[in-house]
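Visitor: The structure file run.txt (compact mmCIF, C-alpha atoms) is provided below.
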```
# COMPACT_ATOMS: atom_id res chain seq x y z
CA LYS A 1 80.02 96.44 53.81
CA GLY A 2 79.39 100.17 53.57
CA ASP A 3 78.18 102.94 51.29
CA TRP A 4 77.40 102.53 47.58
CA LYS A 5 76.82 104.89 44.67
CA ASP A 6 76.03 103.96 41.06
CA ASN A 7 77.00 100.31 41.75
CA TYR A 8 80.42 101.32 43.16
CA TYR A 9 81.82 101.23 46.66
CA HIS A 10 81.59 104.93 47.45
CA GLY A 11 81.93 106.55 50.83
CA LYS A 12 82.91 104.79 54.01
CA GLY A 13 83.10 101.02 54.19
CA ILE A 14 84.95 97.77 54.84
CA LEU A 15 86.17 95.48 52.06
CA ARG A 16 87.33 91.91 52.65
CA THR A 17 88.98 90.02 49.79
CA GLY A 18 89.95 86.41 49.19
CA TYR A 19 89.30 84.36 52.31
CA GLY A 20 88.84 87.50 54.35
CA GLU A 21 92.50 87.80 55.27
CA GLU A 22 92.95 91.06 53.33
CA VAL A 23 90.90 93.88 54.77
CA TYR A 24 90.52 97.54 53.85
CA SER A 25 88.66 99.83 56.18
CA GLY A 26 88.14 103.43 55.20
CA HIS A 27 86.88 105.61 52.39
CA PHE A 28 86.15 104.68 48.77
CA ALA A 29 85.42 106.56 45.55
CA LYS A 30 83.99 104.74 42.51
CA GLY A 31 85.13 101.39 43.85
CA LEU A 32 88.70 102.43 44.68
CA PHE A 33 90.47 103.20 47.95
CA HIS A 34 90.21 106.98 48.14
CA GLY A 35 90.64 109.11 51.23
CA MET A 36 91.77 107.96 54.66
CA GLY A 37 91.93 104.23 55.24
CA THR A 38 93.81 101.18 56.51
CA PHE A 39 94.70 98.18 54.36
CA LYS A 40 95.97 94.97 55.93
CA LYS A 41 97.37 92.42 53.49
CA GLU A 42 97.14 88.66 53.86
CA ASN A 43 100.79 88.42 54.95
CA GLY A 44 100.21 90.98 57.73
CA ASP A 45 101.71 94.04 56.00
CA ARG A 46 99.80 97.15 57.02
CA TYR A 47 99.21 100.44 55.15
CA GLN A 48 97.56 103.24 57.06
CA GLY A 49 96.98 106.73 55.72
CA SER A 50 95.80 108.65 52.69
CA TRP A 51 94.76 107.05 49.38
CA GLU A 52 93.94 108.38 45.95
CA ARG A 53 92.38 106.25 43.18
CA GLY A 54 93.53 103.03 44.78
CA LYS A 55 97.13 104.05 45.53
CA PRO A 56 98.87 105.46 48.62
CA HIS A 57 98.93 109.23 48.14
CA GLY A 58 99.72 111.71 50.90
CA HIS A 59 100.91 110.78 54.36
CA MET A 60 101.23 107.02 54.88
CA LYS A 61 102.49 104.65 57.56
CA ILE A 62 103.60 101.22 56.37
CA GLU A 63 104.73 98.16 58.34
CA TRP A 64 106.20 95.09 56.64
CA VAL A 65 106.04 91.88 58.63
CA GLU A 66 108.75 89.79 56.95
CA THR A 67 111.50 92.45 56.75
CA GLU A 68 110.37 94.39 59.86
CA ASN A 69 110.87 97.58 57.84
CA THR A 70 108.66 100.59 58.56
CA PHE A 71 107.95 103.77 56.60
CA SER A 72 106.30 106.96 57.74
CA GLY A 73 106.04 109.88 55.37
CA MET A 74 104.70 111.29 52.15
CA MET A 75 103.79 109.30 49.03
CA ARG A 76 102.61 110.16 45.54
CA SER A 77 100.73 107.68 43.33
CA GLY A 78 102.11 104.72 45.28
CA LEU A 79 105.73 105.96 45.42
CA TYR A 80 107.73 107.51 48.27
CA HIS A 81 107.82 111.19 47.35
CA GLY A 82 108.45 114.06 49.75
CA LYS A 83 109.69 113.81 53.31
CA GLY A 84 109.71 110.45 55.02
CA LYS A 85 111.58 108.02 57.24
CA MET A 86 112.36 104.41 56.31
CA THR A 87 113.56 102.27 59.21
CA PHE A 88 115.18 99.00 58.20
CA GLY A 89 114.55 95.89 60.29
CA GLY A 90 117.24 93.73 61.79
CA GLY A 91 119.26 96.67 63.05
CA LEU A 92 120.12 97.91 59.55
CA GLY A 93 119.63 101.58 60.41
CA TYR A 94 117.35 104.13 58.76
CA TYR A 95 117.01 106.91 56.21
CA ASP A 96 115.20 110.09 57.20
CA GLY A 97 114.81 112.85 54.66
CA GLU A 98 113.55 113.76 51.21
CA TRP A 99 112.41 111.21 48.60
CA GLU A 100 111.70 111.38 44.91
CA ARG A 101 110.01 108.52 43.07
CA ASN A 102 110.94 105.86 45.65
CA ARG A 103 114.57 106.98 46.09
CA PRO A 104 116.34 109.18 48.63
CA HIS A 105 116.81 112.48 46.81
CA GLY A 106 117.60 115.85 48.36
CA GLN A 107 118.54 116.50 51.97
CA GLY A 108 118.55 113.59 54.37
CA ALA A 109 120.29 111.51 57.01
CA ARG A 110 121.31 107.87 56.75
CA VAL A 111 122.37 105.75 59.70
CA TYR A 112 124.06 102.50 58.66
CA SER A 113 124.05 99.13 60.41
CA ASN A 114 127.58 99.63 61.79
CA GLY A 115 126.70 102.99 63.36
CA THR A 116 128.28 105.21 60.71
CA ARG A 117 126.06 108.25 60.02
CA TYR A 118 125.77 110.54 56.99
CA VAL A 119 123.98 113.89 56.91
CA GLY A 120 123.76 115.79 53.64
CA THR A 121 122.64 115.54 50.04
CA PHE A 122 121.39 112.47 48.17
CA SER A 123 120.74 111.95 44.46
CA ASP A 124 118.84 109.01 42.93
CA GLY A 125 119.30 106.95 46.08
CA GLU A 126 123.03 107.60 46.53
CA VAL A 127 125.15 109.85 48.72
CA HIS A 128 125.95 112.64 46.28
CA GLY A 129 126.81 116.29 46.82
CA GLU A 130 127.85 118.06 50.02
CA GLY A 131 127.61 116.34 53.37
CA ILE A 132 129.19 115.08 56.58
CA MET A 133 130.08 111.46 57.30
CA PHE A 134 130.47 110.49 60.95
CA TYR A 135 132.36 107.21 61.05
CA VAL A 136 131.82 104.75 63.86
CA ASN A 137 135.56 104.82 64.70
CA GLY A 138 135.33 108.55 65.47
CA ASP A 139 136.74 109.91 62.20
CA GLN A 140 134.74 112.65 60.45
CA TYR A 141 134.64 113.77 56.81
CA ILE A 142 133.15 117.09 55.70
CA GLY A 143 132.95 117.84 51.99
CA ALA A 144 131.95 116.57 48.57
CA PHE A 145 130.69 113.13 47.58
CA HIS A 146 130.15 111.58 44.16
CA ARG A 147 127.92 108.51 43.82
CA GLY A 148 128.71 107.29 47.31
CA HIS A 149 132.44 108.05 47.25
CA LEU A 150 134.53 110.84 48.75
CA SER A 151 135.27 112.88 45.62
CA GLY A 152 136.03 116.58 45.33
CA ARG A 153 137.09 119.03 48.01
CA GLY A 154 136.87 117.90 51.61
CA VAL A 155 138.34 117.71 55.09
CA MET A 156 138.99 114.44 56.91
CA LYS A 157 139.41 114.73 60.67
CA TYR A 158 140.89 111.64 62.28
CA LEU A 159 140.19 110.65 65.87
CA ARG A 160 143.94 110.44 66.53
CA GLY A 161 144.21 114.19 65.89
CA ASP A 162 145.49 114.23 62.28
CA THR A 163 143.67 116.23 59.58
CA TYR A 164 143.70 116.10 55.79
CA ASP A 165 142.37 119.14 53.90
CA GLY A 166 142.31 118.83 50.13
CA LYS A 167 140.99 116.95 47.15
CA PHE A 168 139.65 113.40 47.06
CA LEU A 169 138.91 110.94 44.29
CA ASN A 170 136.98 107.68 44.74
CA GLY A 171 137.49 107.72 48.48
CA PHE A 172 141.19 108.64 48.62
CA PRO A 173 143.23 111.86 48.76
CA TYR A 174 144.05 112.73 45.17
CA GLY A 175 145.37 116.06 43.93
CA GLU A 176 146.43 119.07 45.99
CA GLY A 177 146.12 118.69 49.73
CA LYS A 178 147.59 119.25 53.16
CA TYR A 179 148.00 116.55 55.79
CA SER A 180 148.50 117.93 59.29
CA TYR A 181 149.71 115.62 62.02
CA ALA A 182 148.62 115.82 65.64
CA ASP A 183 152.16 116.77 66.68
CA GLY A 184 152.08 119.93 64.52
CA SER A 185 154.09 118.66 61.54
CA TYR A 186 152.50 118.52 58.09
CA TYR A 187 152.85 117.57 54.44
CA GLU A 188 151.51 119.92 51.80
CA GLY A 189 151.57 119.02 48.12
CA GLU A 190 150.19 116.52 45.63
CA TYR A 191 148.64 113.11 46.14
CA LYS A 192 148.77 111.61 42.68
CA SER A 193 149.46 108.18 41.26
CA LYS A 194 148.90 107.18 37.68
CA LYS A 195 149.30 104.18 35.45
CA VAL A 196 149.53 103.93 31.69
CA LEU A 197 147.13 101.62 29.88
CA LYS A 198 149.13 99.44 27.50
CA ALA A 199 146.36 99.23 24.93
CA THR A 200 145.80 102.99 24.51
CA LEU A 201 148.77 104.58 26.32
CA ASP A 202 146.24 106.70 28.21
CA GLU A 203 147.08 107.77 31.74
CA VAL A 204 144.50 106.86 34.37
CA PRO A 205 144.56 107.76 38.09
CA ILE A 206 145.37 105.23 40.79
CA CYS A 207 143.48 106.21 43.91
CA ASN A 208 145.59 104.95 46.80
CA GLY A 209 146.07 108.06 48.95
CA LYS A 210 149.85 108.05 48.52
CA ARG A 211 151.98 111.15 48.02
CA ASN A 212 152.91 111.22 44.34
CA GLY A 213 152.70 107.44 44.28
CA PHE A 214 155.14 106.80 47.12
```
Before anything else, please render the file you have as structure tokens.

Guide:
Amino acid sequence: KGDWKDNYYHGKGILRTGYGEEVYSGHFAKGLFHGMGTFKKENGDRYQGSWERGKPHGHMKIEWVETENTFSGMMRSGLYHGKGKMTFGGGLGYYDGEWERNRPHGQGARVYSNGTRYVGTFSDGEVHGEGIMFYVNGDQYIGAFHRGHLSGRGVMKYLRGDTYDGKFLNGFPYGEGKYSYADGSYYEGEYKSKKVLKATLDEVPICNGKRNGF
């Protein structure tokens, strides 16, 4: 139902498919969704926003019935690309920030289901680069991350008043660092543990946060 041109849906119209449960209402170009429109799928999922050649392109709002997830933001050729917010159903938190080809990439914020919050850089869907992690227990980490782990230079501030300032590897202090206690005392030196692989005799790090393995 709507406008036609050269035997194509073209212009404004309404398209019902199947048994009429899937409905698109909006603009068409040469038979494809193109321009502003709303598409409701048979299962109740809803896409509302800008389309180009049959795919979401531009600003789009999406609601998924089964997962209760919602997305509001920019898309390119059917993929999340640009700034957008994905809210996860069931109390699983949200991601709000930059996307690239369906993955968090660039600056963003992620709130997890347990209340822990990260603000900083993402790469290919993972926490990666510089950022701040606010833990639900009140601890706070400021520094470098590598593929989701505390790795590189950083500062961990504990709720109890202690502070560690130094290097991390795979989530643990590793390398040069200073641990300052709330009472004013401190340890400054190395956090390094290693083991020797029997097969190759190579030394590999053991990331356990202990001072020189003790």

Visitor: Leaving out segment 98-105 of chain A and any residue of its chain fewer than 3 positions from it, which residues lie within 8 Å of it when counting all atoms listed in the file, given as a VMD selection string?

Guide: chain A and resid 76 79 to 84 95 108 121 to 126

Visitor: Which protein, DNA or RNA residues are at most 12 Å from (103.1, 97.9, 55.4) in the file's coordinates when you count all atoms listed in the file, listed as a VMD selection string?

Guide: chain A and resid 38 to 49 56 60 to 72 86 to 87

Visitor: Which of these, A:Phe88, A:Tyr158, A:Tyr94, A:Phe168, has the shortest distance to Gly138 of chain A once you count all atoms listed in the file?

Guide: A:Tyr158

Visitor: Find the residue from A:Lys192, A:His128, A:His149, A:Lys157 that sits nearest to Gly175 of chain A; use all atoms listed in the file when measuring.

Guide: A:Lys192

Visitor: Using all atoms listed in the file, pick whichever of A:Leu32, A:Lys167, A:Gly154, A:Asp162 has the shortest atom-to-atom distance to Tyr179 of chain A.

Guide: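 The answer is A:Asp162, which sits nearest to Tyr179 of chain A.
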